[in-house]
$ cat model37.txt   # compact mmCIF, C-alpha atoms
# COMPACT_ATOMS: atom_id res chain seq x y z
CA MET E 887 94.95 143.34 102.76
CA ILE E 888 91.36 143.85 101.72
CA GLU E 889 92.10 142.01 98.48
CA GLY E 890 93.43 139.08 100.47
CA VAL E 891 90.24 138.89 102.51
CA ALA E 892 88.17 139.13 99.34
CA ALA E 893 90.19 136.33 97.74
CA LEU E 894 89.55 134.17 100.81
CA GLY E 895 85.85 135.00 100.59
CA ASN E 896 85.85 134.06 96.91
CA PHE E 897 87.63 130.82 97.76
CA VAL E 898 84.97 129.89 100.34
CA LEU E 899 82.09 130.96 98.09
CA PHE E 900 83.51 128.74 95.34
CA LEU E 901 83.16 125.68 97.58
CA PHE E 902 79.71 126.82 98.65
CA ALA E 903 78.59 127.16 95.03
CA ALA E 904 80.06 123.77 94.13
CA LEU E 905 78.22 122.07 97.02
CA VAL E 906 74.92 123.82 96.32
CA TYR E 907 75.06 122.93 92.61
CA ALA E 908 76.03 119.37 93.51
CA ILE E 909 72.66 118.80 95.20
CA ALA E 910 70.56 121.08 92.96
CA PRO E 911 68.96 119.70 89.79
CA PRO E 912 69.61 119.03 86.95
CA TYR E 913 71.63 116.02 88.05
CA LYS E 914 74.48 114.78 85.89
CA PRO E 915 75.19 111.22 87.04
CA ARG E 916 77.24 110.49 83.92
CA LEU E 917 79.62 113.36 84.64
CA LEU E 918 79.98 112.08 88.18
CA ILE E 919 80.72 108.55 87.01
CA ARG E 920 83.39 109.84 84.63
CA GLN E 921 85.05 111.76 87.47
CA LEU E 922 84.78 108.75 89.79
CA ARG E 923 86.79 106.84 87.22
CA THR E 924 89.46 109.55 86.84
CA ILE E 925 89.79 110.48 90.50
CA GLY E 926 88.96 107.21 92.21
CA ALA E 927 89.40 104.09 90.12
CA GLU E 928 92.49 105.26 88.22
CA SER E 929 94.20 106.26 91.49
CA PHE E 930 93.83 102.73 92.81
CA PHE E 931 97.17 101.32 91.66
CA LEU E 932 99.15 104.29 92.96
CA VAL E 933 97.33 104.17 96.30
CA ALA E 934 97.81 100.39 96.52
CA LEU E 935 101.54 100.71 95.81
CA ILE E 936 102.05 103.50 98.34
CA GLY E 937 99.91 101.62 100.88
CA LEU E 938 101.97 98.47 100.46
CA PHE E 939 105.28 100.24 100.97
CA THR E 940 103.97 102.33 103.86
CA GLY E 941 102.75 99.20 105.63
CA MET E 942 106.04 97.42 104.91
CA VAL E 943 108.15 100.23 106.37
CA LEU E 944 105.83 100.40 109.39
CA GLY E 945 106.32 96.67 109.90
CA LEU E 946 110.10 97.06 109.69
CA GLN E 947 110.40 100.14 111.91
CA GLY E 948 107.71 98.97 114.31
CA TYR E 949 109.35 95.59 114.75
CA ASN E 950 112.81 97.04 115.36
CA THR E 951 111.49 99.58 117.87
CA LEU E 952 109.13 97.24 119.71
CA ARG E 953 111.79 94.55 119.98
CA ARG E 954 113.79 96.85 122.28
CA PHE E 955 110.92 96.67 124.76
CA GLY E 956 110.22 93.01 124.16
CA SER E 957 106.72 93.74 122.86
CA GLU E 958 106.81 92.45 119.30
CA GLY E 959 103.28 91.20 119.94
CA ALA E 960 101.99 94.78 119.75
CA LEU E 961 103.20 95.16 116.15
CA GLY E 962 99.79 94.51 114.58
CA THR E 963 98.11 97.05 116.85
CA VAL E 964 100.72 99.71 116.07
CA VAL E 965 100.60 99.18 112.31
CA ALA E 966 96.80 99.07 112.16
CA LEU E 967 96.15 102.09 114.37
CA VAL E 968 98.79 104.26 112.69
CA LEU E 969 97.45 103.36 109.25
CA VAL E 970 93.75 103.64 109.99
CA ARG E 971 93.88 106.80 112.07
CA GLU E 972 96.64 108.82 110.39
CA LEU E 973 98.60 107.60 107.44
CA GLY E 974 95.74 106.05 105.45
CA PRO E 975 93.64 109.18 104.95
CA VAL E 976 96.59 111.57 104.74
CA LEU E 977 98.72 109.62 102.27
CA ALA E 978 95.74 108.61 100.14
CA ALA E 979 94.74 112.28 99.95
CA LEU E 980 98.29 113.33 99.04
CA MET E 981 98.42 110.69 96.31
CA VAL E 982 95.06 111.81 94.90
CA THR E 983 96.38 115.39 94.95
CA ALA E 984 99.50 114.38 93.09
CA ARG E 985 97.72 112.22 90.55
CA ALA E 986 94.24 113.61 90.00
CA GLY E 987 94.37 117.05 91.64
CA SER E 988 97.26 118.34 89.58
CA ALA E 989 95.67 117.06 86.37
CA MET E 990 92.41 118.73 87.38
CA ALA E 991 94.03 122.11 87.97
CA ALA E 992 95.90 121.90 84.66
CA GLU E 993 92.76 120.82 82.79
CA LEU E 994 90.57 123.60 84.17
CA GLY E 995 93.43 126.09 83.79
CA ALA E 996 93.79 125.21 80.10
CA MET E 997 90.01 125.46 79.65
CA GLN E 998 90.10 128.91 81.21
CA ALA E 999 93.06 129.97 79.08
CA THR E 1000 91.40 128.85 75.85
CA GLU E 1001 88.10 130.46 76.90
CA GLN E 1002 86.21 127.18 76.98
CA ILE E 1003 84.70 128.09 80.34
CA ASP E 1004 83.36 131.31 78.82
CA ALA E 1005 81.96 129.24 75.98
CA LEU E 1006 80.04 127.09 78.49
CA THR E 1007 78.56 130.22 80.04
CA VAL E 1008 77.53 131.47 76.59
CA MET E 1009 75.77 128.14 76.02
CA ALA E 1010 73.81 128.77 79.26
CA ILE E 1011 75.60 125.89 81.00
CA ASN E 1012 76.62 126.72 84.53
CA PRO E 1013 80.40 126.03 84.48
CA VAL E 1014 80.60 125.40 88.21
CA GLN E 1015 77.81 122.86 88.07
CA TYR E 1016 79.17 121.25 84.92
CA LEU E 1017 82.87 121.18 85.80
CA VAL E 1018 83.41 121.64 89.53
CA SER E 1019 80.50 119.97 91.34
CA PRO E 1020 81.01 116.47 89.84
CA ARG E 1021 84.72 116.64 90.72
CA VAL E 1022 84.13 117.69 94.33
CA LEU E 1023 81.43 115.05 94.73
CA ALA E 1024 83.65 112.38 93.16
CA GLY E 1025 86.49 113.36 95.53
CA VAL E 1026 84.21 113.07 98.56
CA ILE E 1027 83.00 109.63 97.45
CA SER E 1028 86.34 108.24 96.23
CA LEU E 1029 88.70 109.15 99.01
CA PRO E 1030 87.04 107.15 101.83
CA LEU E 1031 87.01 104.12 99.51
CA LEU E 1032 90.67 104.62 98.57
CA THR E 1033 91.53 105.06 102.26
CA CYS E 1034 89.96 101.72 103.16
CA MET E 1035 91.94 100.01 100.40
CA PHE E 1036 95.11 101.76 101.58
CA ASP E 1037 94.51 100.57 105.17
CA VAL E 1038 93.88 96.95 104.25
CA ILE E 1039 96.84 96.73 101.86
CA GLY E 1040 99.06 98.54 104.38
CA ILE E 1041 98.15 96.15 107.19
CA TRP E 1042 98.99 93.21 104.94
CA GLY E 1043 102.26 94.91 103.97
CA GLY E 1044 103.11 95.27 107.65
CA TYR E 1045 102.20 91.63 108.18
CA ILE E 1046 104.40 90.43 105.31
CA ILE E 1047 107.47 92.27 106.59
CA GLY E 1048 106.90 92.16 110.36
CA VAL E 1049 105.72 88.58 110.62
CA GLY E 1050 106.94 86.99 107.41
CA LEU E 1051 110.40 88.50 107.18
CA MET E 1052 111.34 89.68 110.68
CA GLY E 1053 109.60 86.93 112.61
CA ALA E 1054 107.16 88.75 114.87
CA PRO E 1055 104.51 86.38 116.28
CA SER E 1056 101.57 86.10 113.89
CA GLY E 1057 98.83 85.30 116.43
CA PRO E 1058 99.16 88.49 118.49
CA PHE E 1059 99.40 90.50 115.25
CA PHE E 1060 95.76 89.92 114.31
CA ASN E 1061 94.56 89.42 117.89
CA GLY E 1062 95.92 92.84 118.81
CA ILE E 1063 94.17 94.41 115.84
CA ALA E 1064 90.89 92.69 116.71
CA GLN E 1065 91.11 93.92 120.29
CA ASN E 1066 92.32 97.47 119.74
CA LEU E 1067 90.91 98.57 116.40
CA GLY E 1068 87.46 99.91 117.28
CA SER E 1069 84.69 101.39 115.19
CA HIS E 1070 85.75 104.77 116.62
CA ASP E 1071 89.19 104.48 114.99
CA ILE E 1072 87.73 103.52 111.63
CA ALA E 1073 85.20 106.35 111.85
CA ILE E 1074 87.97 108.90 112.50
CA GLY E 1075 89.82 107.70 109.41
CA LEU E 1076 86.68 107.91 107.29
CA TYR E 1077 85.76 111.42 108.52
CA LYS E 1078 89.24 112.58 107.66
CA ALA E 1079 89.07 110.99 104.21
CA LEU E 1080 85.69 112.64 103.51
CA VAL E 1081 87.00 116.08 104.44
CA PHE E 1082 90.29 115.60 102.58
CA GLY E 1083 88.44 114.48 99.45
CA MET E 1084 86.47 117.71 99.52
CA VAL E 1085 89.52 119.88 100.30
CA VAL E 1086 91.68 118.42 97.52
CA MET E 1087 89.07 118.85 94.80
CA TRP E 1088 88.00 122.26 96.13
CA VAL E 1089 91.55 123.67 96.09
CA CYS E 1090 92.56 122.09 92.78
CA CYS E 1091 89.40 123.16 90.97
CA TYR E 1092 89.59 126.66 92.42
CA LYS E 1093 93.18 127.15 91.34
CA GLY E 1094 92.52 125.81 87.86
CA TYR E 1095 89.28 127.73 87.44
CA HIS E 1096 90.95 131.01 88.39
CA ALA E 1097 94.16 130.48 86.43
CA ALA E 1098 95.60 133.45 84.57
CA ARG E 1099 94.86 133.23 80.84
CA MET E 1100 98.34 132.44 79.58
CA ALA E 1101 100.70 129.51 79.36
CA THR E 1102 102.45 130.31 82.65
CA GLY E 1103 99.05 130.71 84.27
CA VAL E 1104 98.35 127.00 83.84
CA SER E 1105 101.69 125.90 85.28
CA ARG E 1106 101.32 128.37 88.13
CA ALA E 1107 97.80 127.13 88.89
CA THR E 1108 99.00 123.50 88.97
CA THR E 1109 101.87 124.26 91.33
CA ASP E 1110 99.67 126.36 93.62
CA ALA E 1111 96.99 123.70 93.68
CA VAL E 1112 99.37 120.89 94.71
CA VAL E 1113 101.21 122.98 97.30
CA LEU E 1114 98.11 124.50 98.86
CA SER E 1115 96.15 121.28 99.06
CA SER E 1116 99.12 119.37 100.53
CA VAL E 1117 99.57 122.04 103.19
CA LEU E 1118 95.83 122.17 103.91
CA ILE E 1119 95.63 118.37 104.22
CA LEU E 1120 98.44 118.19 106.76
CA ALA E 1121 97.33 121.24 108.75
CA TRP E 1122 93.70 120.20 108.74
CA ASP E 1123 94.72 116.68 109.74
CA TYR E 1124 96.25 118.03 112.94
CA PHE E 1125 93.13 119.95 113.90
CA MET E 1126 90.80 117.08 113.04
CA THR E 1127 92.89 114.72 115.15
CA ALA E 1128 92.84 117.19 118.04
CA ILE E 1129 89.05 117.52 117.83
CA LEU E 1130 88.14 113.88 117.17
CA LEU E 1131 90.71 112.16 119.40
CA MET W 1320 79.28 113.14 76.43
CA TYR W 1321 77.98 109.93 77.92
CA ALA W 1322 79.91 107.77 80.31
CA SER W 1323 80.85 104.65 78.39
CA ARG W 1324 80.01 101.12 79.43
CA LEU W 1325 83.67 100.55 80.30
CA THR W 1326 83.75 103.58 82.60
CA GLN W 1327 80.65 102.39 84.40
CA LEU W 1328 82.18 98.97 84.83
CA ILE W 1329 85.48 100.36 86.16
CA VAL W 1330 83.70 102.61 88.66
CA GLY W 1331 81.49 99.72 89.74
CA VAL W 1332 84.49 97.49 90.41
CA PHE W 1333 86.20 100.36 92.24
CA ALA W 1334 83.20 100.91 94.50
CA LEU W 1335 82.89 97.18 95.23
CA VAL W 1336 86.58 96.87 96.12
CA GLY W 1337 86.36 99.94 98.36
CA ILE W 1338 83.28 98.74 100.21
CA GLY W 1339 84.83 95.27 100.45
CA ALA W 1340 87.94 96.81 102.03
CA LEU W 1341 85.80 98.68 104.57
CA VAL W 1342 83.87 95.54 105.48
CA TYR W 1343 87.08 93.51 105.75
CA LEU W 1344 88.69 96.20 107.90
CA SER W 1345 85.84 96.50 110.36
CA VAL W 1346 84.36 93.01 110.49
CA ARG W 1347 87.37 90.73 109.93
CA LEU W 1348 90.31 92.79 111.24
CA GLY W 1349 88.56 95.06 113.73
CA ASN W 1350 86.23 92.27 114.83
CA ILE W 1351 83.35 94.70 115.18
CA GLY W 1352 80.21 92.64 115.15
CA ILE W 1353 77.35 94.10 113.14
CA PHE W 1354 75.04 91.60 114.74
CA PRO W 1355 75.63 90.81 118.42
CA GLN W 1356 77.19 87.39 118.86
CA PRO W 1357 74.87 84.87 120.45
CA GLY W 1358 75.69 84.58 124.10
CA TYR W 1359 74.76 85.80 127.56
CA THR W 1360 75.93 88.45 129.98
CA LEU W 1361 77.46 87.81 133.41
CA TYR W 1362 78.48 90.37 136.01
CA ALA W 1363 81.27 90.43 138.56
CA ASN W 1364 82.32 92.98 141.17
CA PHE W 1365 86.02 93.59 141.79
CA ASP W 1366 87.85 95.68 144.41
CA ASN W 1367 90.42 96.74 141.84
CA ILE W 1368 90.48 96.17 138.09
CA SER W 1369 93.60 98.33 137.46
CA GLY W 1370 93.62 98.80 133.72
CA LEU W 1371 91.02 96.31 132.49
CA LYS W 1372 89.28 97.83 129.45
CA THR W 1373 86.08 97.11 127.59
CA GLY W 1374 86.82 94.66 124.81
CA ASP W 1375 89.43 92.74 126.79
CA GLN W 1376 89.18 88.97 126.73
CA VAL W 1377 87.44 86.66 129.13
CA GLN W 1378 89.26 83.32 129.31
CA LEU W 1379 88.41 79.91 130.65
CA ALA W 1380 91.35 77.53 130.85
CA GLY W 1381 93.27 80.00 128.69
CA VAL W 1382 90.73 79.85 125.89
CA PRO W 1383 88.91 83.09 124.96
CA ILE W 1384 85.21 82.61 125.69
CA GLY W 1385 83.98 86.20 125.67
CA LYS W 1386 84.71 89.88 126.07
CA VAL W 1387 84.41 92.58 128.69
CA GLN W 1388 81.30 94.50 127.70
CA SER W 1389 81.22 97.42 130.10
CA ILE W 1390 82.84 98.65 133.30
CA SER W 1391 81.13 100.90 135.81
CA LEU W 1392 81.42 101.92 139.45
CA GLN W 1393 78.86 100.42 141.82
CA ASP W 1394 79.05 100.90 145.62
CA ASN W 1395 82.70 101.94 145.23
CA ARG W 1396 83.56 98.65 143.55
CA ALA W 1397 84.21 97.95 139.91
CA HIS W 1398 81.13 96.44 138.27
CA VAL W 1399 82.20 94.50 135.18
CA ALA W 1400 79.78 93.13 132.59
CA MET W 1401 81.08 90.26 130.48
CA ARG W 1402 79.59 88.85 127.29
CA ILE W 1403 80.10 85.09 127.34
CA ASN W 1404 79.81 83.06 124.15
CA LYS W 1405 76.86 80.74 123.71
CA GLY W 1406 77.50 77.16 124.76
CA VAL W 1407 79.97 77.92 127.56
CA ALA W 1408 78.60 76.94 130.97
CA ILE W 1409 79.87 78.65 134.11
CA ASP W 1410 78.75 77.35 137.49
CA THR W 1411 77.62 79.32 140.53
CA ASP W 1412 80.85 78.80 142.48
CA ALA W 1413 83.17 79.92 139.68
CA ILE W 1414 85.94 82.40 140.46
CA ALA W 1415 86.63 85.42 138.25
CA ALA W 1416 90.16 86.81 138.52
CA ILE W 1417 91.86 89.65 136.69
CA LYS W 1418 95.22 88.61 135.30
CA THR W 1419 97.90 90.03 133.08
CA SER W 1420 99.53 88.37 130.10
CA GLY W 1421 103.20 89.21 130.54
CA ILE W 1422 104.46 91.92 132.85
CA ILE W 1423 103.20 94.93 130.86
CA GLY W 1424 100.78 93.02 128.68
CA ASP W 1425 97.02 93.21 128.34
CA LYS W 1426 94.70 92.48 131.22
CA TYR W 1427 92.10 89.75 130.94
CA VAL W 1428 89.46 88.11 133.12
CA ALA W 1429 90.34 84.51 133.92
CA ILE W 1430 87.43 82.34 135.03
CA ALA W 1431 88.05 79.18 137.02
CA LEU W 1432 85.16 76.79 137.47
CA GLY W 1433 84.11 75.78 140.96
CA PRO W 1434 82.14 72.89 142.47
CA GLY W 1435 78.80 74.66 142.00
CA GLU W 1436 75.91 72.44 140.95
CA HIS W 1437 73.95 74.94 138.88
CA ASP W 1438 75.05 76.99 135.88
CA LEU W 1439 74.82 80.76 135.87
CA THR W 1440 72.15 82.21 133.59
CA ASP W 1441 71.95 85.48 131.70
CA GLY W 1442 72.30 88.49 134.02
CA ALA W 1443 73.70 86.53 136.97
CA THR W 1444 76.66 87.68 139.04
CA ILE W 1445 79.83 85.70 139.72
CA ARG W 1446 80.18 85.91 143.50
CA HIS W 1447 83.81 84.97 144.00
CA THR W 1448 86.28 87.41 142.54
CA GLN W 1449 89.95 88.10 142.82
CA SER W 1450 91.31 91.57 142.08
CA ALA W 1451 94.15 92.46 139.81
CA PHE W 1452 97.68 91.90 141.02
CA VAL W 1453 99.14 95.39 141.30
CA LEU W 1454 102.89 95.31 140.82
CA GLU W 1455 103.48 98.65 142.57
CA ASP W 1456 101.74 97.50 145.78
CA ALA W 1457 103.75 94.27 145.82
CA ILE W 1458 107.02 96.16 145.34
CA GLY W 1459 106.01 98.61 148.06
CA GLN W 1460 105.39 95.74 150.48
CA LEU W 1461 108.69 94.15 149.55
CA ILE W 1462 110.60 97.40 150.14
CA ASN W 1463 108.86 97.90 153.47
CA SER W 1464 109.59 94.43 154.75
CA SER W 1465 113.21 94.30 153.57
CA GLY W 1466 113.89 97.82 154.86
CA SER W 1467 112.61 96.92 158.33
CA GLY W 1468 114.70 93.77 158.37
CA SER W 1469 118.04 95.49 157.84
CA LYS W 1470 117.45 98.46 160.11
CA SER W 1471 116.30 96.91 163.34
CA GLY W 1472 115.91 100.18 165.18
CA GLU W 1473 113.45 101.70 162.74
CA ALA W 1474 111.62 98.44 162.13
CA THR W 1475 108.55 99.20 164.20
CA SER W 1476 108.13 102.72 162.85
CA SER W 1477 108.33 101.63 159.21
CA GLY W 1478 105.93 98.84 159.94
CA ASN W 1479 103.44 101.25 161.45
CA SER W 1480 103.77 103.76 158.65
CA THR W 1481 101.96 101.42 156.31
CA PRO W 1482 98.90 100.24 158.12
CA SER W 1483 97.40 98.92 154.88
CA THR W 1484 99.92 96.09 154.65
CA GLY W 1485 98.00 94.44 157.46
CA GLU W 1486 98.83 92.05 160.22
CA ALA W 1487 100.81 89.61 158.12
CA SER W 1488 103.64 92.01 157.41
CA ASN W 1489 103.61 93.33 160.97
CA SER W 1490 104.13 89.91 162.41
CA LYS W 1491 106.91 89.35 159.91
CA THR W 1492 108.76 92.47 160.97
CA GLY W 1493 108.21 91.45 164.57
CA ASN W 1494 109.95 88.15 163.93
CA CYS W 1495 112.83 89.90 162.26
CA ASN W 1496 113.25 92.16 165.26
CA CYS W 1497 113.48 89.19 167.60
CA LEU W 1498 116.14 87.56 165.47
CA ASP W 1499 118.17 90.72 165.21
CA ASN W 1500 117.96 91.35 168.93
CA SER W 1501 119.05 87.85 169.82
CA LYS W 1502 122.16 88.23 167.71
$ encode --input "model37.txt" --output "structure tokens"
Amino acid sequence: MIEGVAALGNFVLFLFAALVYAIAPPYKPRLLIRQLRTIGAESFFLVALIGLFTGMVLGLQGYNTLRRFGSEGALGTVVALVLVRELGPVLAALMVTARAGSAMAAELGAMQATEQIDALTVMAINPVQYLVSPRVLAGVISLPLLTCMFDVIGIWGGYIIGVGLMGAPSGPFFNGIAQNLGSHDIAIGLYKALVFGMVVMWVCCYKGYHAARMATGVSRATTDAVVLSSVLILAWDYFMTAILL
Amino acid sequence: MYASRLTQLIVGVFALVGIGALVYLSVRLGNIGIFPQPGYTLYANFDNISGLKTGDQVQLAGVPIGKVQSISLQDNRAHVAMRINKGVAIDTDAIAAIKTSGIIGDKYVAIALGPGEHDLTDGATIRHTQSAFVLEDAIGQLINSSGSGSKSGEATSSGNSTPSTGEASNSKTGNCNCLDNSK
């Protein structure tokens, strides 16, 4: 019981340390740029693919459902709002977890197992500042950008299927988006993406950093990291929606 | 230990694409103007706007010429501010009406020009307005009038129970009574 509370405290302090060292000198822009490439740029194709298919299935399902009420014209509004407010940030975060987060946990877990993190400490390099802070910062910067790409590609996917294939009217598709997609909706999506970017990197780095020093420790850390950050993303998404709605 | 030239380039392209997506999403798709569009503001007071929202279209001859900017309550009437695009002239006797596209579709403000000699300027108020057509009220009136027609005995009581329907419906029910009695 007490150990559980202490573990939670350690978990929170880990994020706190990562954020403090992210803004404290010495700055390591090159480390950050490297992580931006791994976490952000290299996730682009996966996020684009998932965004395209998500938008396409929204176009298909949305068209078939809306047709029952004779409101195919609302298809664009439905696709855009669902993507921008919910699916964009959540699915982009899940994809980053799957692609970059798992690799991060395994990498840090292996470094812990082979005592490389201890070696950093011996060399008077703060391991949190050197390893964790750039990753958390890169997650916070990358995920909003990835979410925007996901939204745009998803809306076009919905357009291709809904309008191109199923024959929904094309004028109301973009008119509806222009009328109903406000800055408030986009802001909600971006807030969510910011928080998710932090949560994913926080959980994955924590699990990797505290992996047990053996072969199974690395695999265990990777599994825990993916499961915990997926659960946290979806649970946190509900509460953020409830607060920001 | 240093980030290579290639990495910097990849991250730069990534950031540009991401920012481009955000700009496209908000400015092109969401139509959120960073700079206010050139135009002027007109006001109109309605008895009932029933579901008109800010951002809804203002149309002249079916062509979008502006947007509803804000809606507030003033002297128990709906006070609607509309942003009209530059270059569209609306005269002093124009009529602003709230209409619906389709039965459950979006509301919009339809403006019909009148015989007025002068054009309205920024901040002016359109005097003639026509409130939204409320389907429930119309159905209620229809039920009242048809119900009173079939049941001649209760006709006067059902007519009196809805004083808001006004004299027109009363006289109608009166006529029905006469016909029924004569038969």
$ interface_residues --input "model37.txt" --of "chain E" --to "chain W" --cutoff "9 Å" --atoms "only C-alpha atoms" --output "PyMOL selection string"
chain E and resi 915-920+922-923+926-928+930+957+1028+1030-1039+1060-1061+1063-1069+1072
$ atom_distance --input "model37.txt" --atom1 "atom CA of Val1018 of chain E" --atom2 "atom CA of Tyr1124 of chain E"
26.9 Å
$ residues_around --input "model37.txt" --residues "segment 1078-1091 of chain E" --least-positions-apart "3" --cutoff "8 Å" --atoms "all atoms listed in the file" --output "number ranges by chain"
E: 900-901, 975-976, 979, 982-983, 987-988, 990-991, 994, 1018, 1021-1023, 1025-1030, 1033, 1074-1075, 1094-1095, 1108, 1111-1112, 1114-1115, 1118-1119, 1123, 1126
$ closest_residue --input "model37.txt" --among "E:Ala1097, E:Leu973, E:Val1104, E:Ala1128" --to "Phe939 of chain E" --atoms "only C-alpha atoms"
E:Leu973
$ residues_around --input "model37.txt" --residues "Ser1389 of chain W" --least-positions-apart "5" --cutoff "12 Å" --atoms "only C-alpha atoms" --output "mmCIF file with C-alpha atoms, in the coordinates of the input"
data_model
loop_
_atom_site.group_PDB
_atom_site.id
_atom_site.type_symbol
_atom_site.label_atom_id
_atom_site.label_comp_id
_atom_site.auth_asym_id
_atom_site.auth_seq_id
_atom_site.Cartn_x
_atom_site.Cartn_y
_atom_site.Cartn_z
ATOM 1 C CA THR W 1360 75.930 88.450 129.980
ATOM 2 C CA LEU W 1361 77.460 87.810 133.410
ATOM 3 C CA TYR W 1362 78.480 90.370 136.010
ATOM 4 C CA ALA W 1363 81.270 90.430 138.560
ATOM 5 C CA ASN W 1364 82.320 92.980 141.170
ATOM 6 C CA LEU W 1371 91.020 96.310 132.490
ATOM 7 C CA LYS W 1372 89.280 97.830 129.450
ATOM 8 C CA THR W 1373 86.080 97.110 127.590
ATOM 9 C CA GLY W 1374 86.820 94.660 124.810
ATOM 10 C CA ASP W 1375 89.430 92.740 126.790
ATOM 11 C CA ALA W 1397 84.210 97.950 139.910
ATOM 12 C CA HIS W 1398 81.130 96.440 138.270
ATOM 13 C CA VAL W 1399 82.200 94.500 135.180
ATOM 14 C CA ALA W 1400 79.780 93.130 132.590
ATOM 15 C CA MET W 1401 81.080 90.260 130.480
ATOM 16 C CA ARG W 1402 79.590 88.850 127.290
#
$ atom_distance --input "model37.txt" --atom1 "atom CA of Leu1432 of chain W" --atom2 "atom CA of Phe1452 of chain W"
19.9 Å
$ residues_around --input "model37.txt" --residues "segment 1440-1448 of chain W" --least-positions-apart "6" --cutoff "12 Å" --atoms "only C-alpha atoms" --output "count of residues only"
41
$ atom_distance --input "model37.txt" --atom1 "atom CA of Gly1044 of chain E" --atom2 "atom CA of Gly941 of chain E"
4.4 Å
$ build_atoms --input "model37.txt" --residues "segment 1090-1107 of chain E" --atoms "N, CA and C atoms" --output "compact mmCIF listing (two decimals), keeping the file's coordinate frame"
# COMPACT_ATOMS: atom_id res chain seq x y z
N CYS E 1090 92.04 122.30 94.14
CA CYS E 1090 92.56 122.09 92.78
C CYS E 1090 91.64 122.71 91.74
N CYS E 1091 90.32 122.57 91.93
CA CYS E 1091 89.40 123.16 90.97
C CYS E 1091 89.45 124.68 91.05
N TYR E 1092 89.54 125.20 92.25
CA TYR E 1092 89.59 126.66 92.42
C TYR E 1092 90.80 127.23 91.71
N LYS E 1093 91.95 126.63 91.94
CA LYS E 1093 93.18 127.15 91.34
C LYS E 1093 93.14 127.06 89.82
N GLY E 1094 92.61 125.94 89.31
CA GLY E 1094 92.52 125.81 87.86
C GLY E 1094 91.51 126.77 87.26
N TYR E 1095 90.38 126.90 87.93
CA TYR E 1095 89.28 127.73 87.44
C TYR E 1095 89.70 129.19 87.37
N HIS E 1096 90.55 129.61 88.33
CA HIS E 1096 90.95 131.01 88.39
C HIS E 1096 92.37 131.21 87.87
N ALA E 1097 92.82 130.33 86.99
CA ALA E 1097 94.16 130.48 86.43
C ALA E 1097 94.22 131.70 85.51
N ALA E 1098 95.41 132.32 85.50
CA ALA E 1098 95.60 133.45 84.57
C ALA E 1098 95.60 132.92 83.14
N ARG E 1099 95.07 133.72 82.21
CA ARG E 1099 94.86 133.23 80.84
C ARG E 1099 96.12 133.31 80.00
N MET E 1100 97.13 132.54 80.39
CA MET E 1100 98.34 132.44 79.58
C MET E 1100 99.02 131.11 79.93
N ALA E 1101 100.05 130.80 79.18
CA ALA E 1101 100.70 129.51 79.36
C ALA E 1101 101.25 129.36 80.77
N THR E 1102 101.90 130.42 81.30
CA THR E 1102 102.45 130.31 82.65
C THR E 1102 101.34 130.23 83.69
N GLY E 1103 100.17 130.77 83.33
CA GLY E 1103 99.05 130.71 84.27
C GLY E 1103 98.68 129.29 84.60
N VAL E 1104 98.71 128.40 83.61
CA VAL E 1104 98.35 127.00 83.84
C VAL E 1104 99.37 126.32 84.75
N SER E 1105 100.67 126.55 84.46
CA SER E 1105 101.69 125.90 85.28
C SER E 1105 101.64 126.45 86.71
N ARG E 1106 101.41 127.74 86.82
CA ARG E 1106 101.32 128.37 88.13
C ARG E 1106 100.14 127.80 88.92
N ALA E 1107 99.00 127.65 88.24
CA ALA E 1107 97.80 127.13 88.89
C ALA E 1107 98.05 125.70 89.39
